[in-house]
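As structure tokens, the structure follows; a few thoughts come after it.
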Amino acid sequence: MDLGIGIGWRPEIAAEVEALSGIDWVEAVAENLCADHLPDSLVRLRERGVTVVPHGVALGLGGADRPDPDRLAGLAARAELLGAPLVTEHIAFVRAGGPLTASPRLEAGHLLPVPRTWDALDVFCENVRIAQDSLPVPLALENIAALITWPDEELTEGQFLAELVERTGVRLLIDVANLHTNHVNLGQDPAKALDELPVEAIAYVHVAGGVEKNGVWHDTHAHPVSEPVLDVLAELRSRVDPPGVLLERDDAFPPGAELAGELDAIRATLRKAAPSAGPGPDRAAPRKAVPSTDPGPVPAGTRDRTAVAQTALLSALVAGTPAPEGFDHRRLRVQSRALAAKRADVVAKVAPELPEILGDGYRAAFLAYAGSRPMSGGYRRDALNFAEHMLIAGGPADPAARRRLTYWWQDRSGSRPPRRTTRLVRAARAVLVGK
């Protein structure tokens with residue numbers, strides 16, 4: 001299916017997206033949509049014939065566990081509600097721990113790289129096949145940006161993707177900004193990756209902005225698309241005519257005119273990089289979503305080894321445990337700070353009352369909390385746990401702010417069992433009300 005030129009739909013720029021000319025399709029974060037009701041903006045876009053593709057971020061198909069059936073059902077429901085031609089997810093793991101390692105469940109709150117080993121590939125391919133069997137439309141998977149790399153990897157990124165496609169028939173969502181990020185951060189050559197991966201399996205392409213700080217490229221999706229990223233897009237276009245190209249923007253949203261300018265730059269890059277006209281179209285035939293082989297279930301030991309490795313890494317990143325052997329400790333610190341900063345940013349979005357109540361002290365207080373308290377139940381639970389932590393510790397110092405935070409926490413905590421911490425918060429409220 002030819003998608004054309006698209007843009008990531010976000011509620012903050014819904015009006016701007018609707019007003020843009022020449023938009024053939026949009027992509028919406030699946031977890032931000034209700035399974036039975038669409039935002040009015042997406043309803044209007046669909047009525048105009050604009051295709052909407054749900055883009056998942058929470059399945060964690062690269063993790064050691066088999067995919068969660070409820071998450072798969074939710075993604076399938078959103079695909080059906082949107083009438084989407086496909087759904088997309090990431091080549092990443094987002095959680096670790098749990099029964100496979102007899103340890104607490106840990107959430108990364110972000111996309112982390114899958115080790116490019118044969119063990120991890122076996123696990124990932126089985127997870128992909130499970131997902132494909134559960135979804136009503138084809139699945140495409142996106143390469144991610146990374147700040148760290150696993151030691152003793154056995155495959156390059158291109159080889160890993162080629163094996164993945166060969167074994168599962170899955171399609172690819174190639175993010176050229178992520179290829180550039182990995183070039184700056186990890187020294188990986190985008191051209192070599194494009195040479196090795198099966199470009200005929202590409203479903204569509206992401207283009208996004210970022211920023212370099214102290215020699216590290218941060219894939220922020222909050223900055224304009226840079227020339228080096230457009231250069232990688234040109235490299236890709238010289239090899240294949242992608243069915244779709246989409247501009248992503250997730251924060252620091254600019255006016256609609258600036259978004260239109262970035263889309264124009266993408267169109268111009270695609271035109272200039274197109275190979276000279278030859279006999280017939282240059283678009284490669286799309287890869288059929290049919291696996292070449294079905295090797296059967298992955299041995300339990302393979303999943304166990306993957307689980308132990310991923311849990312050790314994630315625990316070092318979010319719980320401060322010792323770094324696993326072979327990792328670059330400086331890069332792990334960069335990744336750890338990035339995960340904590342993202343947690344703070346997302347919690348501020350899902351619970352905007354918290355930065356409002358705490359003011360300029362919100363970020364420092366949250367980062368101090370996150371440094372020793374890994375996320376284990378999603379961002380909304382994280383917000384509640386942070387507020388509870390603040391109250392138990394006697395904060396915030398301002399009595400009015402403490403009163404507001406107490407009411408906020410109790411209003412949202414529901415009928416949780418009265419644990420010791422809950423009783424302390426209730427006692428604190430009683431003291432505050434009596435003042």
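Ligands are numbered from 1 in the order shown, chains are lettered A, B, ... in the order of the structure tokens, and residues start at 1 in each chain.
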List every residue of segment 149-213 of chain A that DSSP, applied to the backbone of this structure, assigns to alpha helix (DSSP H), and report them as an MDAnalysis selection string.
chainID A and resid 157:168 176:186 190:196
Let me see the file: selected residues, C-alpha atoms, as a CSV table (one decimal), in the first residue's frame.
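Saved to selection18.csv:
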chain,number,residue,atom,x,y,z
A,157,GLU,CA,21.8,-4.0,13.0
A,158,GLY,CA,21.3,-4.7,9.3
A,159,GLN,CA,22.0,-8.4,9.7
A,160,PHE,CA,19.6,-8.6,12.7
A,161,LEU,CA,16.8,-7.0,10.7
A,162,ALA,CA,17.4,-9.2,7.7
A,163,GLU,CA,17.2,-12.3,9.8
A,164,LEU,CA,14.1,-11.0,11.5
A,165,VAL,CA,12.4,-10.4,8.2
A,166,GLU,CA,13.5,-13.7,6.8
A,167,ARG,CA,12.2,-15.7,9.8
A,168,THR,CA,8.9,-13.9,10.3
A,176,VAL,CA,16.4,7.4,9.4
A,177,ALA,CA,16.8,9.7,12.4
A,178,ASN,CA,17.6,6.7,14.6
A,179,LEU,CA,20.2,5.5,12.0
A,180,HIS,CA,21.8,8.9,12.3
A,181,THR,CA,21.6,8.8,16.1
A,182,ASN,CA,23.4,5.4,16.2
A,183,HIS,CA,26.0,6.7,13.8
A,184,VAL,CA,26.9,9.6,16.2
A,185,ASN,CA,26.5,7.6,19.4
A,186,LEU,CA,27.8,4.2,18.5
A,190,PRO,CA,23.9,4.2,8.2
A,191,ALA,CA,24.9,3.3,4.7
A,192,LYS,CA,26.2,-0.1,5.8
A,193,ALA,CA,23.0,-0.7,7.7
A,194,LEU,CA,20.9,0.2,4.6
A,195,ASP,CA,23.0,-2.1,2.5
A,196,GLU,CA,22.5,-5.1,4.8
Tell me which protein, DNA and RNA residues are within 12 Å of Arg48 of chain A, counting only C-alpha atoms, leaving out same-chain ones fewer than 3 positions away, and put them as a ChimeraX atom specification.
/A:18-19,23-25,41-45,51-52
Spatial neighbours of Pro151 of chain A, max dist 12 Å, only C-alpha atoms, sep filter under 2 positions, as a short mmCIF file (atom, residue, chain, number, x, y, z; two decimals) with C-alpha atoms, in the first residue's frame:
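part-v2.cif was written with the following content:
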data_model
loop_
_atom_site.label_atom_id
_atom_site.label_comp_id
_atom_site.auth_asym_id
_atom_site.auth_seq_id
_atom_site.Cartn_x
_atom_site.Cartn_y
_atom_site.Cartn_z
CA PRO A 113 17.99 -1.94 22.55
CA VAL A 114 17.66 -5.68 22.13
CA PRO A 115 21.02 -7.51 22.30
CA ARG A 116 21.92 -8.50 18.76
CA THR A 117 22.66 -12.11 19.65
CA ILE A 148 24.32 2.15 24.68
CA THR A 149 25.33 -1.03 22.94
CA GLU A 153 27.02 -8.80 19.95
CA GLU A 154 26.98 -11.38 17.17
CA LEU A 155 25.09 -9.48 14.46
CA ALA A 309 20.74 -10.30 30.83
CA LEU A 313 20.93 -4.13 32.52
CA PRO A 324 26.77 -5.80 34.05
CA GLU A 325 30.21 -6.75 32.80
CA GLY A 326 31.29 -5.37 29.44
CA PHE A 327 29.10 -2.25 29.30
CA ASP A 328 30.52 1.26 28.95
CA HIS A 329 29.89 2.71 32.42
#
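For the residues A:Gly371, A:Gly210, A:Pro99, A:Pro104, ranking by smallest atom-to-atom distance to Ala319 of chain A using only C-alpha atoms places A:Gly371 first.
Close contacts of segment 31-39 of chain A, defined as residues with an atom at most 10 Å away when counting only C-alpha atoms, with chain neighbours fewer than 3 positions off set aside, comprise Arg10, Pro11, Ala14, Ala28, Leu42, Val43, Arg44, Pro54, His55, Gly56, Val57, Ala58, Leu59, Arg71, Ala73, Gly74, Leu75, Ala76, Ala77, Arg78, Ala79, Glu80, Leu81 and Leu82 of chain A.
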Report as a PyMOL selection string: the residues of segment 133-346 of chain A with a DSSP assignment of strand (DSSP E or B), based on the backbone of this structure.
chain A and resi 139-142+171-175+202-207+211-213+216-218+244-247+278+280
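If you look at atom CA of Trp118 of chain A and atom CA of Gln335 of chain A, they are 24.4 Å away from each other.
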Env of Pro374 of chain A: 12 Å cut, atoms = only C-alpha atoms, seq-sep filter 6 positions within chain, self excluded. Answer as a PyMOL selection string.
chain A and resi 95-97+104-109+314-321+336+339-340+343+366-368+381-382+385-386
For each of A:Arg303, A:His90, A:Lys272, A:Lys349, take the minimum atom-to-atom distance to Glu235 of chain A, counting only C-alpha atoms, then give the residue where this is smallest.
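Comparing A:Arg303, A:His90, A:Lys272, A:Lys349 against Glu235 of chain A, the winner is A:Lys272.
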